[in-house]
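> Let me give you the structure first, and then I'll get to my questions.
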Amino acid sequence: MKTTISFLLAMFIYGSLLAQSTQELMYQAYLNRSAETWKKAVDLTAKELTAKPNDPTKQMDLAYAYFSLLNGSMAMPNDDLFDEYISDAKKFLKKIVEDKPKSGEAAAMLSSIYGNEIGKSPMKGMLLGSKSSSLAEKGILFEPNSPLAWSVYASNKYYTPSSFGGDLQEAIKGWEKTIQLSQANAGTLKDNWLYLNAIVFLGQAYEKAGSREKAIAAYEKALVVEPQFQYAKMLLNKIKNTSNEKK
Amino acid sequence: MMKTMLLALAALLMTNFGYAQSTVKGKVTDLQGNPIPGANIYLLNTTIGVSANKEGEFMLSTSEFGTRTVVVSSIGYETFQQSMELAGKEYTLDVKLREATSELSEVVITAGTIEATNDRKVAVLRPLDIVTTAGAQGDIIGAIQTLPGTTRVGEQTGLFVRGGDASEANVVIDGMIVQNFFTSDVPGIAQRSRFSPFQFKGTAFSSGGYSARFGQALSSVLELNTNDRPTRSTLTAGLSMSGLSRAATKVFNKSSLEITGNYINLTPFYQLANTNFDFYEAPNGGAGSLRWVTQHGDKSIFKLLASHGGFGSGTELPNINVAGERFRFGLKNSNTYTNGSYLHHFSNRTYSFTAFSFGENTDKLSFGGTPSETNEWRLQARTEIGHDLNEKSSLLTGIEWQRFNVARSFDVFASKFDETQVAIYSELEWKPKKNFGLKAGVRGEHSQLLNQTALGPRVSSAIKTGKNSQVSLAGGLFYQSPNNRYLLAGKRANFQQAAHYIANYQWVTDKQTFRVEGYHKSYGHLVRELNTSYNPNPYRWVTTDIDNSGNGYAQGVDVFWRDRKLLKNLDYWISYSFVDTERLYENFTRTATPSFISTHNLNVIAKYFIEPINTNVAATYSYASGRPYYDPNEAGFLSNRAPHYENLSISISYITNIKEVFAVFYAGVDNLLDRKNIFGYRYSNDGTQRYPVEPALYRSVFVGMNISMSAFNRDEI
């Protein structure tokens with residue numbers, strides 16, 4: 001009996017370590033643009049869900065892992081990785097959205113997946129564009145304090161052509177909100193790829209809007225949060241090299 | 001002793017040093033006390049500054065002395081400033097930053113121009129809008145004609161803008177003029193453009209006051225920019241009542257190759273509709289194109305497009321001078337177009353753009369058995385450099401060279417001309433403030449054929465009047481050589497000119513756009529035929545002498561409203577143009593409103609996406625008031641008005657995807673109500689016979705589909 005308890009206890013500890021490590025794995029995958037690490041993170045999360053298929057937290061974990069992997073594959077970019085997971089991810093998220101119609105984060109993640117698809121083949125914008133936009137809006141409506149929902153909303157506004165409702169200023173607002181909300185919960189900042197991602201995207205949005213100083217501040221901020229963030233270093237070098245006017 | 005003194009000195013130096021060094025320490029948090037990592041802390045007007053660490057803590061050391069302003073800023077928060085007395089000590093400054101609210105966006109100069117692009121903020125229409133507009137039939141010009149400032153002239157080919165005729169509007173692809181943008185003319189039938197809307201990422205339609213980069217157009221420039229490098233390999237196939245098309249795109253590491261081929265045969269289309277023209281040979285032909293793009297990130301992009309095609313048609317037309325007699329008009333066309341361009345960013349501040357193009361077109365006509373042939377070619381090159389002088393101003397300077405040759409024969413008569421034009425231009429854009437911008441340019445152009453040089457200044461400016469609204473003003477002087485008709489007949493005159501004055505107000509929000517634009521255009525030095533009588537035949541041969549004594553004006557108001565807010569998934573726009581114009585030119589006997597003018601033009605476009613069934617339904621309603629026509633039996637010149645024009649078109653498209661195969665099925669009905677529009681009347685030379693000028697078709701149906709596959713094995717092509 002004792003052995004069983006200690007075994008279960010050990011399993012429990014191992015389990016929570018696992019949970020800890022998927023977050024970290026995703027962060028590493030994002031930083032190093034590693035397809036293998038992304039796959040590992042998603043596969044681990046999927047396995048956890050198989051053990052407890054009805055656990056809503058585990059369901060959201062897998063949804064988040066899919067969402068993260070697909071965004072990661074877009075950033076790399078890696079078509080093969082995207083192709084491998086897109087249909088499973090979409091199927092899974094559609095179901096989650098059906099089961100949890102009031103979940104802003106679920107809606108946002110599905111919106112993001114549609115957005116990724118449009119990114120891969122713009123023609124699909126005709127089919128998925130309005131779905132993606134309305135899900136993104138639903139996200140911030142249902143969960144106005146979710147950094148994830150705001151981040152998806154911002155991407156949606158950033159990538160959607162302005163004649164279809166895209167708006168650079170709204171995108172900036174969305175990512176600023178993402179950052180504010182993430183920072184408002186200091187405990188969540190560790191190993192948080194989404195937070196880091198919001199900072200560099202905000203920088204790029206500032207650049208597009210012509211606010212060079214702010215863009216630089218954003219990239220510098222990203223490097224304070226994660227000194228190993230090569231992408232931010234690249235963006236910072238690029239913007240600094242392209243003008244002699246440094247303050 | 002010595003040692004003590006040294007120590008004392010050292011101590012003194014140290015205190016001095018210590019005294020000079022002030023340290024400001026603290027923590028940056030939001031209002032709730034959560035740390036803000038990476039916040040910037042610096043002394044105003046100095047280069048001294050640090051970033052907060054992950055915990056929001058910072059330590060700033062400085063030898064600055066006295067009253068200094070410490071600034072704390074972080075993205076997404078309002079900037080905090082506080083003056084501090086720095087006297088070489090350690091200070092603590094804990095800062096709470098307030099969340100920022102969104103700010104005012106920058107002004108964009110818009111007078112005269114309506115842009116349709118994927119990447120600029122002022123987009124009013126975008127490429128996809130073109131293909132989903134009912135009645136446009138997938139033609140770029142069809143969609144442009146729903147915008148304010150344009151007049152739909154159903155029986156003539158070209159773009160008619162703000163009182164200008166078709167020759168006054170230029171079409172430009174990647175910076176190069178396209179001389180045969182439309183398919184070859186058949187008398188009485190407006191022709192489509194040769195290019196597909198999906199080839200272009202952006203469309204900038206300038207209805208006046210356009211940039212100094214372009215010239216030789218009295219009215220307007222339609223600027224089209226081809227797509228950048230595609231990111232995926234795709235295969236597409238299209239099938240419609242006008243023929244078949246295939247396209248394949250292969251993506252390499254930094255480059256891409258696209259190959260297209262299409263076969264056109266309008267037999268099925270004309271079989272189904274009642275045509276007002278008898279085609280003894282329905283338009284048929286084929287075309288192919290190759291496109292290569294190499295892109296190095298945002299640094300440089302090279303594009304090369306080459307296309308070749310040919311088609312033929314045969315129409316039976318009435319001989320207006322002999323009642324009941326008809327003659328056959330045959331056309332065989334061959335067209336080649338090549339365009340290459342290279343854009344290179346030396347840095348974020350400086351770029352260069354270089355482009356060349358070559359176009360050649362041959363039309364072999366047969367007028368009731370009499371052969372006629374027109375051959376034209378145009379070679380051109382442009383190079384320009386754009387440079388940001390500082391954060392507030394940028395300068396664009398360039399040179400353009402073109403040579404073109406037109407040769408025409410009719411039976412045993414033949415004529416030709418050869419022209420070389422060179423232009424130098426420069427444009428300065430200055431934005432001293434976020435809410436004010438000014439663009440001033442000048443273009444000098446020289447024609448070898450006319451042996452003339454002219455200088456055209458262009459100015460435009462914009463001021464923001466509110467978060468979403470702005471007022472723009474623009475003006476300029478524009479030149480254009482006499483029509484080819486005169487140059488071919490060996491007649492020479494000087495440049496014709498037009499001065500544009502434009503005022504624009506626009507209000508744009510996320511989902512709504514409202515624009516109103518008033519303009520006045522004054523034409524001078526227009527070409528006039530001397531000692532002539534009016535003949536409305538566009539194919540007439542000029543025998544009289546010409547000079548530059550013509551003149552005219554055009555003025556009006558254009559209004560545009562687009563709304564996507566009213567109902568979810570509903571997008572509609574309304575455009576209305578009023579134009580008042582008169583001119584004395586070509587073979588006009590006195591000042592009059594030309595026959596291609598409709599005083600009132602209205603277009604209402606609506607599109608609704610029915611989400612559950614992935615179906616897009618669209619309708620377009622157009623109205624144009626009656627155009628002037630010439631009745632030789634009347635004392636007044638061009639004083640008669642034809643009935644007004646009205647058209648209601650609908651289209652429906654169903655979009656679906658099965659795995660990675662993406663398909664669009666579409667069907668449209670043009671002139672749903674089968675209205676018998678009449679554009680005007682033509683009279684026989686003796687004035688006894690009258691013929692209505694009618695569209696080629698009344699009600700017609702168009703059906704097609706398009707399939708594309710994006711994810712396929714890369715070795716499949």
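We label chains A, B, ... in the order they appear in the structure tokens, count residues from 1 in each chain, and number ligands from 1 in the order shown.
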What residues in segment 33-233 of chain A get the DSSP label helix (DSSP H, G or I)? Please answer as a PyMOL selection string.
chain A and resi 35-51+56-75+79-99+104-120+122-142+147-159+162-164+168-183+186-189+193-208+212-225+230-233
> Using only C-alpha atoms and a cut-off of 6 Å, which residues of chain A sit close to chain B? Please list them as a list in words.
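Close to chain B, chain A has Pro161, Ser163, Gly165, Glu176, Ala184, Lys221, Val224, Val225 and Thr242 of chain A.
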> Can you write just those residues out, N, CA and C atoms, as a compact mmCIF listing (two decimals), in the first residue's frame?

# COMPACT_ATOMS: atom_id res chain seq x y z
N PRO A 161 -6.11 42.88 -44.23
CA PRO A 161 -6.05 44.11 -45.03
C PRO A 161 -7.03 45.14 -44.48
N SER A 163 -9.00 47.15 -45.73
CA SER A 163 -10.35 47.23 -46.28
C SER A 163 -11.24 46.13 -45.71
N GLY A 165 -11.09 45.37 -42.44
CA GLY A 165 -11.16 45.58 -41.00
C GLY A 165 -9.82 45.59 -40.28
N GLU A 176 -0.04 46.16 -26.95
CA GLU A 176 0.26 46.90 -25.72
C GLU A 176 -0.54 46.31 -24.57
N ALA A 184 0.92 42.46 -15.57
CA ALA A 184 0.07 42.61 -14.40
C ALA A 184 0.02 41.32 -13.59
N LYS A 221 13.56 46.01 -24.91
CA LYS A 221 12.79 45.39 -23.83
C LYS A 221 12.77 43.87 -23.99
N VAL A 224 15.86 42.49 -22.71
CA VAL A 224 15.95 42.47 -21.24
C VAL A 224 15.24 41.23 -20.73
N VAL A 225 14.08 40.98 -21.28
CA VAL A 225 13.29 39.82 -20.85
C VAL A 225 14.00 38.53 -21.21
N THR A 242 20.06 50.96 -39.97
CA THR A 242 19.45 51.64 -41.10
C THR A 242 19.32 53.13 -40.89
> So, counting only C-alpha atoms, which residue among B:Gln506, B:Ser22, B:Gln137, B:Asn375 is closest to Met84 of chain B?
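Comparing B:Gln506, B:Ser22, B:Gln137, B:Asn375 against Met84 of chain B, the winner is B:Ser22.
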> Which is closest to Asp43 of chain A among A:Ala198, A:Ala63, A:Leu223, A:Val152, if we use only C-alpha atoms?
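Once distances to Asp43 of chain A are computed over only C-alpha atoms, the minimum belongs to A:Ala63.
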> List every residue of segment 436-610 of chain B that DSSP, applied to the backbone, labels as strand (DSSP E), and write the result as a PyMOL selection string.
chain B and resi 436-447+452-464+469-480+496-508+512-529+546-563+570-584+600-610
> Could you pull the residues within 8 Å of Leu488 of chain B, counting only C-alpha atoms, minus those fewer than 3 positions along the same chain, as a ChimeraX atom specification?
/B:406-408,415-417,484-485,491
> As an exercise, work out the distance from atom CA of Phe702 of chain B to atom CA of Met241 of chain B in Å and give it to one decimal place.
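Here the two named atoms are 6.4 Å from each other.
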> Quick one: everything within 12 Å of Arg212 of chain A, counting only C-alpha atoms, minus sequence neighbours fewer than 5 positions away in the same chain. Send it as a PyMOL selection string.
(chain A and resi 202-207+217-219+235-236+238-240+242-243+245-247) or (chain B and resi 348+391)
> When you look at Asp418 of chain B with a cut-off of 8 Å (counting only C-alpha atoms), what residues show up, excluding the ones that are within fewer than 3 positions of it in the same chain? I need them as a ChimeraX atom specification.
/B:403-406,449
> Using only C-alpha atoms, which protein or nucleic acid residues come within 8 Å of Lys177 of chain A? Drop anything in the same chain fewer than 2 positions from it, and give the result as a PyMOL selection string.
(chain A and resi 147+150+173-175+179-181) or (chain B and resi 76)
> Set the distance at 9 Å and use only C-alpha atoms: which residues neighbour Ala222 of chain A once local chain neighbours fewer than 6 positions away are removed? I'd like the list as a list in words.
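Near Ala222 of chain A, the qualifying residues are Leu196, Asn197, Ile199, Val200, Phe229, Ala232 and Lys233 of chain A; Pro37 and Gly38 of chain B.
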> Take the residues from that selection and put them in a file with C-alpha atoms, as a short mmCIF file (atom, residue, chain, number, x, y, z; two decimals), in the first residue's frame.

data_model
loop_
_atom_site.label_atom_id
_atom_site.label_comp_id
_atom_site.auth_asym_id
_atom_site.auth_seq_id
_atom_site.Cartn_x
_atom_site.Cartn_y
_atom_site.Cartn_z
CA LEU A 196 8.03 37.75 -25.83
CA ASN A 197 6.28 37.42 -29.16
CA ILE A 199 6.89 42.57 -27.54
CA VAL A 200 8.67 42.00 -30.84
CA PHE A 229 16.37 36.17 -28.17
CA ALA A 232 14.93 40.58 -31.30
CA LYS A 233 18.69 41.07 -31.72
CA PRO B 37 10.63 44.70 -17.37
CA GLY B 38 12.71 46.59 -19.88
#
> Give me, please, the distance in Å between atom CA of Tyr576 of chain B and atom CA of Val557 of chain B, quoted to one decimal.
8.2 Å
> May I ask for the distance between atom CA of Val617 of chain B and atom CA of Ser240 of chain B, given in Å to one decimal place?
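So the two atoms, atom CA of Val617 of chain B and atom CA of Ser240 of chain B, lie 18.4 Å apart.
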> Taking into account only C-alpha atoms, which residue in the set B:Arg492, B:Arg627, B:Lys434, B:Arg458 is nearest to Val153 of chain B?
B:Arg627
> Restricting the calculation to only C-alpha atoms, which member of B:Ile597, B:Ile658, B:Ile320, B:Leu257 is positioned closest to Val161 of chain B?
B:Ile597
